[in-house]
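A.B. asks: Structure supplied as input13.txt; contents: compact mmCIF, C-alpha atoms.
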# COMPACT_ATOMS: atom_id res chain seq x y z
CA MET A 1 93.23 -16.67 -0.35
CA GLU A 2 94.89 -19.41 -2.36
CA PHE A 3 95.84 -22.55 -0.53
CA SER A 4 98.42 -25.13 -1.56
CA SER A 5 96.17 -27.87 -0.23
CA LYS A 6 92.48 -28.55 -0.79
CA LEU A 7 92.28 -30.19 2.64
CA ILE A 8 93.47 -27.03 4.33
CA GLU A 9 91.16 -24.93 2.21
CA LYS A 10 88.14 -27.01 3.14
CA ALA A 11 88.94 -26.97 6.86
CA VAL A 12 89.55 -23.21 6.79
CA ASN A 13 86.28 -22.56 4.96
CA GLU A 14 84.32 -24.64 7.45
CA ILE A 15 85.88 -22.96 10.48
CA ALA A 16 85.43 -19.50 8.96
CA GLN A 17 81.66 -20.05 8.96
CA LEU A 18 81.66 -19.75 12.74
CA PRO A 19 80.70 -16.29 14.03
CA GLY A 20 83.60 -13.92 14.67
CA ILE A 21 86.17 -16.13 12.96
CA GLY A 22 87.61 -15.00 9.64
CA LYS A 23 89.77 -16.93 7.21
CA ARG A 24 93.05 -15.73 8.69
CA THR A 25 92.08 -16.84 12.19
CA ALA A 26 90.76 -20.11 10.77
CA LEU A 27 94.11 -20.76 9.08
CA ARG A 28 95.92 -20.00 12.34
CA LEU A 29 93.71 -22.54 14.15
CA VAL A 30 94.27 -25.15 11.44
CA LEU A 31 98.06 -24.69 11.61
CA HIS A 32 97.86 -24.99 15.39
CA LEU A 33 95.98 -28.28 15.09
CA LEU A 34 98.59 -29.56 12.63
CA LYS A 35 101.31 -28.97 15.22
CA GLN A 36 99.39 -30.88 17.90
CA PRO A 37 99.06 -34.67 18.12
CA LYS A 38 96.45 -36.15 15.77
CA GLU A 39 94.32 -37.20 18.74
CA GLN A 40 93.53 -33.60 19.67
CA THR A 41 91.80 -32.96 16.34
CA GLY A 42 90.06 -36.31 16.70
CA PHE A 43 88.77 -35.42 20.17
CA LEU A 44 87.62 -32.01 18.99
CA ALA A 45 85.76 -33.40 15.97
CA GLN A 46 84.24 -36.16 18.08
CA ALA A 47 83.10 -33.79 20.83
CA LEU A 48 81.43 -31.51 18.27
CA THR A 49 79.65 -34.34 16.45
CA THR A 50 78.43 -36.05 19.62
CA MET A 51 77.32 -32.74 21.08
CA ARG A 52 75.32 -31.83 17.99
CA GLU A 53 73.81 -35.28 17.52
CA ASP A 54 72.95 -36.18 21.09
CA ILE A 55 72.01 -32.83 22.56
CA LYS A 56 68.69 -32.75 24.35
CA TYR A 57 66.50 -29.92 25.57
CA CYS A 58 64.67 -30.13 28.87
CA GLU A 59 61.02 -30.76 27.99
CA ASN A 60 59.95 -28.50 30.82
CA CYS A 61 62.16 -25.39 30.61
CA HIS A 62 63.83 -25.97 27.18
CA ASN A 63 67.30 -25.54 28.67
CA ILE A 64 70.08 -27.69 27.20
CA SER A 65 70.28 -30.90 29.18
CA ASP A 66 71.62 -34.45 28.98
CA ASN A 67 68.32 -35.86 30.20
CA ALA A 68 64.68 -35.42 29.25
CA VAL A 69 64.22 -33.15 32.28
CA CYS A 70 67.12 -30.97 33.37
CA GLU A 71 68.74 -31.00 36.81
CA ILE A 72 67.16 -27.74 37.84
CA CYS A 73 63.63 -28.79 36.85
CA SER A 74 63.99 -32.16 38.57
CA ASN A 75 65.35 -30.61 41.78
CA LYS A 76 62.59 -30.84 44.39
CA ASN A 77 64.26 -28.28 46.63
CA ARG A 78 63.61 -25.51 44.15
CA ASN A 79 60.47 -23.41 43.98
CA HIS A 80 58.69 -24.52 40.82
CA GLN A 81 56.11 -21.76 41.13
CA VAL A 82 58.64 -19.01 40.40
CA VAL A 83 59.78 -19.01 36.79
CA CYS A 84 62.63 -16.87 35.48
CA VAL A 85 62.36 -16.22 31.73
CA VAL A 86 65.77 -16.05 30.02
CA GLU A 87 67.16 -16.03 26.52
CA ASP A 88 69.56 -18.97 26.53
CA ILE A 89 71.73 -21.33 28.55
CA ARG A 90 74.35 -18.63 29.16
CA ASP A 91 71.85 -16.57 31.13
CA VAL A 92 70.86 -19.62 33.18
CA MET A 93 74.55 -20.18 33.98
CA ALA A 94 75.04 -16.51 34.89
CA ILE A 95 72.02 -16.42 37.24
CA GLU A 96 72.91 -19.79 38.78
CA ASN A 97 76.38 -18.40 39.51
CA THR A 98 74.90 -15.63 41.66
CA GLY A 99 73.37 -18.24 44.00
CA GLN A 100 70.44 -15.84 44.57
CA PHE A 101 67.70 -17.64 42.67
CA ARG A 102 65.98 -20.78 43.90
CA GLY A 103 63.14 -20.95 41.39
CA VAL A 104 63.18 -22.57 37.96
CA TYR A 105 63.81 -21.22 34.46
CA HIS A 106 62.08 -20.96 31.13
CA VAL A 107 64.56 -20.69 28.26
CA LEU A 108 63.13 -18.91 25.22
CA GLY A 109 65.99 -19.80 22.89
CA GLY A 110 66.50 -16.22 21.70
CA LYS A 111 64.60 -12.96 21.57
CA ILE A 112 62.26 -11.42 19.04
CA SER A 113 64.45 -9.74 16.45
CA PRO A 114 62.96 -9.00 13.02
CA ILE A 115 66.40 -7.94 11.74
CA ASP A 116 67.77 -11.43 12.40
CA GLY A 117 64.56 -13.00 11.14
CA VAL A 118 63.52 -14.27 14.56
CA GLY A 119 59.78 -14.01 15.21
CA PRO A 120 57.74 -15.10 18.25
CA SER A 121 56.91 -18.45 16.67
CA GLN A 122 60.58 -19.48 16.67
CA LEU A 123 60.81 -18.95 20.42
CA LYS A 124 59.43 -21.13 23.20
CA ILE A 125 56.75 -18.63 24.18
CA ALA A 126 53.64 -20.78 23.73
CA THR A 127 54.71 -23.32 26.36
CA LEU A 128 55.33 -20.53 28.88
CA VAL A 129 51.86 -19.05 28.30
CA GLU A 130 50.42 -22.55 28.65
CA LYS A 131 52.23 -23.11 31.97
CA VAL A 132 50.84 -19.82 33.26
CA LYS A 133 47.29 -20.67 32.14
CA GLU A 134 47.48 -24.06 33.84
CA GLY A 135 47.82 -22.09 37.08
CA LYS A 136 50.97 -23.80 38.28
CA ILE A 137 52.97 -20.60 38.45
CA SER A 138 52.82 -17.82 41.02
CA GLU A 139 55.48 -15.46 39.63
CA VAL A 140 57.12 -14.85 36.27
CA ILE A 141 60.43 -12.92 36.37
CA PHE A 142 61.66 -11.46 33.08
CA ALA A 143 65.46 -11.58 32.91
CA LEU A 144 66.14 -10.60 29.32
CA SER A 145 68.79 -8.21 28.07
CA SER A 146 67.97 -4.53 28.45
CA THR A 147 67.87 -3.94 24.70
CA MET A 148 65.23 -3.10 22.13
CA GLU A 149 64.85 -6.81 21.30
CA GLY A 150 64.72 -7.82 24.96
CA ASP A 151 62.06 -5.21 25.76
CA THR A 152 59.98 -6.21 22.73
CA THR A 153 60.07 -9.85 23.81
CA ASN A 154 59.17 -8.92 27.39
CA PHE A 155 56.21 -6.89 26.21
CA TYR A 156 55.02 -9.53 23.74
CA ILE A 157 54.91 -12.18 26.45
CA TYR A 158 53.49 -9.76 29.03
CA LYS A 159 50.46 -9.04 26.87
CA GLN A 160 49.61 -12.73 26.74
CA ILE A 161 49.86 -13.41 30.46
CA ALA A 162 48.82 -10.05 31.89
CA ASP A 163 45.32 -11.17 32.98
CA ALA A 164 46.57 -14.23 34.86
CA ALA A 165 46.46 -13.84 38.63
CA ILE A 166 50.23 -13.99 39.08
CA ILE A 167 53.06 -11.63 39.90
CA ILE A 168 54.94 -10.49 36.80
CA SER A 169 58.28 -8.86 37.58
CA THR A 170 61.47 -7.93 35.80
CA ILE A 171 65.01 -7.89 37.13
CA ALA A 172 66.11 -4.51 38.51
CA ARG A 173 67.84 -2.07 36.17
CA GLY A 174 70.20 0.35 37.83
CA ILE A 175 73.77 1.33 38.54
CA ALA A 176 76.00 -1.75 38.39
CA VAL A 177 77.82 -2.61 41.59
CA GLY A 178 81.28 -1.00 41.46
CA ASP A 179 80.24 1.66 38.91
CA GLU A 180 81.01 5.35 39.38
CA LEU A 181 77.84 7.43 39.31
CA GLU A 182 79.25 10.15 37.08
CA TYR A 183 79.87 7.70 34.23
CA ALA A 184 76.40 6.12 34.31
CA ASP A 185 74.10 6.93 31.39
CA GLU A 186 71.13 9.12 32.24
CA VAL A 187 68.41 6.57 31.44
CA THR A 188 69.92 4.02 33.81
CA LEU A 189 70.54 6.63 36.50
CA GLY A 190 67.03 8.07 36.12
CA ARG A 191 65.48 4.63 36.39
CA SER A 192 67.58 3.74 39.40
CA ILE A 193 66.20 6.81 41.21
CA LEU A 194 62.56 6.12 40.26
CA GLN A 195 62.90 2.49 41.31
CA ARG A 196 64.78 3.13 44.53
CA VAL A 197 64.50 0.47 47.23
CA PRO A 198 64.35 0.72 51.04
CA PHE A 199 67.93 0.92 52.30
CA GLU A 200 67.66 -2.12 54.58
CA LYS A 201 66.64 -4.22 51.57
CA SER A 202 69.70 -3.15 49.60
CA PHE A 203 72.21 -5.23 51.53
CA LYS A 204 70.07 -8.27 52.32
CA SER A 205 70.11 -11.30 50.08
CA ASN A 206 66.62 -12.54 49.15
CA MET B 1 81.84 -22.46 34.59
CA GLU B 2 79.17 -25.01 35.37
CA PHE B 3 77.29 -26.50 32.48
CA SER B 4 73.89 -28.14 32.53
CA SER B 5 75.11 -30.68 29.99
CA LYS B 6 78.26 -32.81 29.89
CA LEU B 7 78.12 -32.80 26.09
CA ILE B 8 78.29 -29.02 25.99
CA GLU B 9 81.02 -28.98 28.62
CA LYS B 10 83.16 -31.41 26.63
CA ALA B 11 82.72 -29.52 23.35
CA VAL B 12 83.50 -26.21 25.07
CA ASN B 13 86.62 -27.62 26.72
CA GLU B 14 87.91 -29.01 23.42
CA ILE B 15 87.30 -25.76 21.53
CA ALA B 16 88.84 -23.69 24.33
CA GLN B 17 92.15 -25.52 23.79
CA LEU B 18 92.55 -23.65 20.51
CA PRO B 19 94.80 -20.59 20.72
CA GLY B 20 93.01 -17.30 21.36
CA ILE B 21 89.69 -18.93 22.21
CA GLY B 22 88.49 -18.88 25.81
CA LYS B 23 85.58 -20.73 27.36
CA ARG B 24 83.09 -17.92 26.82
CA THR B 25 83.87 -17.72 23.10
CA ALA B 26 83.81 -21.51 22.90
CA LEU B 27 80.33 -21.56 24.43
CA ARG B 28 79.18 -18.91 21.95
CA LEU B 29 80.48 -21.05 19.07
CA VAL B 30 78.79 -24.16 20.45
CA LEU B 31 75.45 -22.34 20.82
CA HIS B 32 75.84 -21.08 17.26
CA LEU B 33 76.38 -24.63 15.98
CA LEU B 34 73.29 -25.78 17.88
CA LYS B 35 71.18 -23.23 16.01
CA GLN B 36 72.51 -24.36 12.63
CA PRO B 37 71.47 -27.54 10.81
CA LYS B 38 73.16 -30.72 12.07
CA GLU B 39 75.02 -31.09 8.76
CA GLN B 40 77.12 -28.00 9.38
CA THR B 41 78.68 -29.48 12.50
CA GLY B 42 79.13 -32.75 10.61
CA PHE B 43 80.94 -31.01 7.76
CA LEU B 44 83.13 -29.09 10.17
CA ALA B 45 84.11 -32.19 12.15
CA GLN B 46 84.70 -34.15 8.94
CA ALA B 47 86.85 -31.42 7.38
CA LEU B 48 89.00 -31.21 10.52
CA THR B 49 89.49 -34.97 10.81
CA THR B 50 90.28 -35.50 7.13
CA MET B 51 92.62 -32.54 7.11
CA ARG B 52 94.55 -33.80 10.13
CA GLU B 53 94.67 -37.42 8.97
CA ASP B 54 95.45 -36.97 5.30
CA ILE B 55 97.65 -33.89 5.31
CA LYS B 56 100.93 -34.28 3.45
CA TYR B 57 104.07 -32.22 3.38
CA CYS B 58 106.01 -31.65 0.15
CA GLU B 59 109.11 -33.84 0.39
CA ASN B 60 111.15 -31.14 -1.27
CA CYS B 61 110.18 -27.87 0.44
CA HIS B 62 108.11 -29.20 3.40
CA ASN B 63 105.18 -26.98 2.53
CA ILE B 64 101.70 -28.39 3.14
CA SER B 65 100.53 -30.13 0.00
CA ASP B 66 98.01 -32.68 -1.21
CA ASN B 67 100.69 -34.52 -3.21
CA ALA B 68 104.16 -35.86 -2.45
CA VAL B 69 105.68 -32.87 -4.25
CA CYS B 70 103.83 -29.55 -4.05
CA GLU B 71 102.62 -27.54 -7.04
CA ILE B 72 105.35 -24.95 -6.69
CA CYS B 73 108.18 -27.51 -6.52
CA SER B 74 106.80 -29.44 -9.48
CA ASN B 75 106.36 -26.31 -11.61
CA LYS B 76 109.10 -26.36 -14.27
CA ASN B 77 108.63 -22.69 -15.07
CA ARG B 78 109.98 -21.69 -11.69
CA ASN B 79 113.64 -21.11 -10.89
CA HIS B 80 114.64 -24.02 -8.66
CA GLN B 81 118.04 -22.48 -7.96
CA VAL B 82 116.59 -19.62 -5.93
CA VAL B 83 115.21 -20.76 -2.59
CA CYS B 84 113.21 -18.54 -0.27
CA VAL B 85 113.35 -19.68 3.36
CA VAL B 86 110.08 -19.06 5.25
CA GLU B 87 108.48 -20.05 8.50
CA ASP B 88 105.20 -21.62 7.43
CA ILE B 89 102.53 -21.94 4.75
CA ARG B 90 101.10 -18.48 5.57
CA ASP B 91 104.34 -16.85 4.47
CA VAL B 92 104.35 -18.86 1.25
CA MET B 93 100.81 -17.67 0.57
CA ALA B 94 101.73 -14.06 1.36
CA ILE B 95 104.76 -14.07 -0.94
CA GLU B 96 102.88 -15.89 -3.71
CA ASN B 97 100.20 -13.19 -3.49
CA THR B 98 102.75 -10.51 -4.38
CA GLY B 99 103.47 -12.23 -7.69
CA GLN B 100 107.10 -11.01 -7.40
CA PHE B 101 108.84 -14.30 -6.68
CA ARG B 102 109.43 -17.01 -9.27
CA GLY B 103 111.82 -19.22 -7.32
CA VAL B 104 110.91 -22.02 -4.90
CA TYR B 105 110.45 -22.17 -1.12
CA HIS B 106 111.87 -23.97 1.83
CA VAL B 107 109.41 -24.10 4.74
CA LEU B 108 111.10 -24.43 8.14
CA GLY B 109 107.92 -25.14 10.06
CA GLY B 110 108.61 -22.49 12.70
CA LYS B 111 111.51 -20.51 14.08
CA ILE B 112 114.01 -21.14 16.84
CA SER B 113 112.32 -20.07 20.07
CA PRO B 114 113.67 -21.45 23.35
CA ILE B 115 110.72 -19.90 25.25
CA ASP B 116 108.27 -22.03 23.25
CA GLY B 117 110.61 -25.03 23.45
CA VAL B 118 111.44 -24.97 19.74
CA GLY B 119 115.07 -25.82 18.98
CA PRO B 120 116.85 -26.14 15.62
CA SER B 121 116.31 -29.91 15.54
CA GLN B 122 112.52 -29.46 15.38
CA LEU B 123 112.82 -27.33 12.25
CA LYS B 124 113.58 -28.43 8.70
CA ILE B 125 117.05 -26.89 8.69
CA ALA B 126 119.16 -29.99 7.92
CA THR B 127 117.49 -30.59 4.56
CA LEU B 128 118.11 -26.98 3.53
CA VAL B 129 121.81 -27.22 4.43
CA GLU B 130 121.97 -30.48 2.48
CA LYS B 131 120.37 -28.90 -0.60
CA VAL B 132 122.93 -26.10 -0.44
CA LYS B 133 125.85 -28.55 -0.08
CA GLU B 134 124.63 -30.57 -3.06
CA GLY B 135 125.30 -27.43 -5.10
CA LYS B 136 121.85 -27.24 -6.67
CA ILE B 137 121.14 -23.78 -5.28
CA SER B 138 122.50 -20.42 -6.41
CA GLU B 139 120.71 -18.14 -3.95
CA VAL B 140 119.10 -18.46 -0.54
CA ILE B 141 116.71 -15.64 0.46
CA PHE B 142 115.79 -15.39 4.13
CA ALA B 143 112.18 -14.23 4.52
CA LEU B 144 111.58 -14.70 8.24
CA SER B 145 109.84 -12.30 10.60
CA SER B 146 111.94 -9.38 11.78
CA THR B 147 111.89 -10.53 15.40
CA MET B 148 114.42 -11.87 17.87
CA GLU B 149 113.42 -15.44 16.98
CA GLY B 150 113.51 -14.75 13.25
CA ASP B 151 116.96 -13.18 13.45
CA THR B 152 118.27 -16.05 15.59
CA THR B 153 117.01 -18.58 13.07
CA ASN B 154 118.48 -16.59 10.17
CA PHE B 155 121.84 -16.46 11.88
CA TYR B 156 121.82 -20.14 12.88
CA ILE B 157 121.24 -21.22 9.28
CA TYR B 158 123.62 -18.61 7.89
CA LYS B 159 126.52 -20.00 9.92
CA GLN B 160 126.01 -23.43 8.38
CA ILE B 161 125.85 -22.32 4.76
CA ALA B 162 128.13 -19.26 4.85
CA ASP B 163 131.10 -20.99 3.10
CA ALA B 164 129.02 -22.27 0.20
CA ALA B 165 129.60 -20.37 -3.05
CA ILE B 166 126.07 -18.99 -3.22
CA ILE B 167 124.32 -15.67 -2.72
CA ILE B 168 122.71 -15.38 0.70
CA SER B 169 120.25 -12.53 0.95
CA THR B 170 117.45 -11.37 3.19
CA ILE B 171 114.28 -9.49 2.28
CA ALA B 172 114.57 -5.71 2.59
CA ARG B 173 113.59 -4.06 5.87
CA GLY B 174 112.37 -0.51 5.58
CA ILE B 175 109.44 1.86 5.64
CA ALA B 176 106.28 0.03 4.63
CA VAL B 177 104.56 1.33 1.52
CA GLY B 178 101.90 3.84 2.57
CA ASP B 179 103.54 4.57 5.93
CA GLU B 180 104.14 8.11 7.18
CA LEU B 181 107.82 8.69 7.90
CA GLU B 182 107.24 10.48 11.20
CA TYR B 183 105.58 7.43 12.74
CA ALA B 184 108.26 4.94 11.69
CA ASP B 185 110.42 3.55 14.50
CA GLU B 186 114.05 4.68 14.48
CA VAL B 187 115.61 1.26 13.88
CA THR B 188 113.55 0.70 10.75
CA LEU B 189 114.11 4.25 9.53
CA GLY B 190 117.85 4.04 10.22
CA ARG B 191 118.13 0.76 8.38
CA SER B 192 116.12 2.05 5.43
CA ILE B 193 118.65 4.89 5.05
CA LEU B 194 121.69 2.65 5.34
CA GLN B 195 120.22 0.20 2.84
CA ARG B 196 118.95 2.77 0.36
CA VAL B 197 118.55 1.64 -3.23
CA PRO B 198 119.12 3.44 -6.56
CA PHE B 199 115.96 5.42 -7.33
CA GLU B 200 115.33 3.75 -10.71
CA LYS B 201 115.30 0.36 -9.00
CA SER B 202 112.63 1.46 -6.51
CA PHE B 203 109.76 1.45 -8.95
CA LYS B 204 110.77 -1.47 -11.16
CA SER B 205 109.59 -4.99 -10.41
CA ASN B 206 112.49 -7.43 -10.60
Have the structure of the file written as structure tokens, please.

C.D. replies:
Amino acid sequence: MEFSSKLIEKAVNEIAQLPGIGKRTALRLVLHLLKQPKEQTGFLAQALTTMREDIKYCENCHNISDNAVCEICSNKNRNHQVVCVVEDIRDVMAIENTGQFRGVYHVLGGKISPIDGVGPSQLKIATLVEKVKEGKISEVIFALSSTMEGDTTNFYIYKQIADAAIIISTIARGIAVGDELEYADEVTLGRSILQRVPFEKSFKSN
Amino acid sequence: MEFSSKLIEKAVNEIAQLPGIGKRTALRLVLHLLKQPKEQTGFLAQALTTMREDIKYCENCHNISDNAVCEICSNKNRNHQVVCVVEDIRDVMAIENTGQFRGVYHVLGGKISPIDGVGPSQLKIATLVEKVKEGKISEVIFALSSTMEGDTTNFYIYKQIADAAIIISTIARGIAVGDELEYADEVTLGRSILQRVPFEKSFKSN
């Protein structure tokens, strides 16, 4: 792509480094910004810079937070003995949205994935193991994606905390609510039969 | 969507104002930036701000340019009597890529579209009409999209320059190279028959 302006070219190249955005899309975004008032680009640039510079991670659960300890970890009404292990802030948001979890989180910051060059040392696993060994936790709930990488991460952590006298659980895998049985894959369906629950439990919350 | 950090929320909201990007995608982009070195976000923000602040438009053809007159308009080897009317810089880039056009451009900056609130006065139509009336132009080529808005814009400009003693042409509409005839829509196919060209001309450039 040849641009008539170096400024445009530079902006397009920077935007095109973002995942899922190619040069054509980047050019479309740049042209959109040019049609908007100058302030909008200013606000966008400012928000990105401030976000990147000032971002903090909760020192307890490693979730993104504006304070040293996040709102969830500093909430005394939550059960700090039950820790839900998740991949990143999106999973925290998703679980919080359900309104079904009153414990706290531990955000790993990713999952073990040799293909992407992510090993256990890049994840916040050590602090979780430490918390468990300090005896402050009664239950660890794994809530990672049901993928090869998620399962590997689950198992890696499990091996390190298996002898602790705590409950180690994982979120239920099964037929999604609203799904037709005939379209479910056989692994999911098989697992949902093996891990069936008492009927009265199935419509109660908590 | 509830965020655990105001900084994240602000960045996501700003990004989500871009066309085609929703809040989920915006959050994905933000999390990506957080995993990259701080400099990358800095470069991105800087490139956007500089681009928006320092951008110039060629005073002759209104294309985006780093100088007062763009490279195409200041190129003496090009035919300044033949003016190709296009919508924006992307069309200039696309036509330049073909290597088939040696004239100059006139960039309207959009097309007439009442639905989007774009009227003729917001486009660079007056300067084109002026150029034609000054008698410096021998041919105007319309190269706008083949849509309702494109045709409206073509026709609006045509009415204002129709009495000038110049050639007014429009790019050929027809079956795209590589297309199967049976899948072509009937309007395009019909037009390509009506506007058939001598066979020898069909494989010669210029």

A.B. asks: Hey, what's within 9 Å of Ile157 in chain B if we count all atoms listed in the file and toss same-chain stuff fewer than 5 positions away? As a compact mmCIF listing (two decimals) with C-alpha atoms, keeping the file's coordinate frame, please?

C.D. replies:
# COMPACT_ATOMS: atom_id res chain seq x y z
CA ILE B 125 117.05 -26.89 8.69
CA LEU B 128 118.11 -26.98 3.53
CA VAL B 129 121.81 -27.22 4.43
CA THR B 152 118.27 -16.05 15.59
CA ALA B 162 128.13 -19.26 4.85

A.B. asks: Write down, as number ranges by chain, each residue of chain B that has any atom within 9 Å of an atom of chain A, counting only C-alpha atoms.

C.D. replies: B: 1-8, 10-15, 18-20, 27-34, 38, 40-56, 63-67, 70-72, 88-90, 93, 96-97

A.B. asks: Looking at all atoms listed in the file, which of A:Gly190, A:Gly135, A:Gly22, A:Pro114 is the one that sits closest to Arg173 in chain A?

C.D. replies: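 Closest to Arg173 in chain A, using all atoms listed in the file: A:Gly190.
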
A.B. asks: Do you have the CA of Ile112 in chain B-CA of Asn154 in chain B distance handy?

C.D. replies: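 Between CA of Ile112 in chain B and CA of Asn154 in chain B the gap is 9.2 Å.
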
A.B. asks: What is the distance, in Å and to one decimal place, between CA of Gln195 in chain B and CA of Gly103 in chain B?

C.D. replies: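 These two atoms are separated by 23.5 Å.
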
A.B. asks: Quick check, in Å to one decimal: how far apart do CA of Cys73 in chain A and CA of Lys201 in chain A lie?

C.D. replies: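 A separation of 28.8 Å between them.
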
A.B. asks: Which residue is closest to Thr153 in chain B? Choose from B:Leu108, B:Ile168, B:Val177, B:Ile137 and count all atoms listed in the file.

C.D. replies: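 The shortest atom-to-atom distance to Thr153 in chain B comes from B:Leu108.
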
A.B. asks: Please determine, counting all atoms listed in the file, which residue among B:Lys111, B:Lys159, B:Arg78, B:Lys124 has the shortest atom-to-atom distance to Ala143 in chain B.

C.D. replies: B:Lys111

A.B. asks: Out of B:Met148, B:Ile171, B:Phe199, B:Gly99, which residue has the shortest atom-to-atom distance to Ile115 in chain B when counting all atoms listed in the file?

C.D. replies: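 Checking each candidate against Ile115 in chain B, we get B:Met148 as the closest.
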
A.B. asks: Excluding same-chain residues fewer than 5 positions from Lys131 in chain A, what lies within 10 Å of it counting only C-alpha atoms, as a list in words?

C.D. replies: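 The contact residues come out as Asn60, Val83, Ala126, Lys136 and Ile137 of chain A.
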
A.B. asks: Looking at B:Cys84, B:Ile161, B:Leu189, B:Val104, which one is nearest to Gly174 in chain B, with distances taken over all atoms listed in the file?

C.D. replies: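 So, comparing all the options, the nearest one is B:Leu189.
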
A.B. asks: Excluding Ser192 in chain A and any residue of its chain fewer than 2 positions from it, enumerate the residues within 12 Å of it, using all atoms listed in the file, and give them as a list of chain:residue names.

C.D. replies: A:Ala172, A:Arg173, A:Gly174, A:Ile175, A:Ala176, A:Leu181, A:Ala184, A:Asp185, A:Glu186, A:Val187, A:Thr188, A:Leu189, A:Gly190, A:Leu194, A:Gln195, A:Arg196, A:Val197
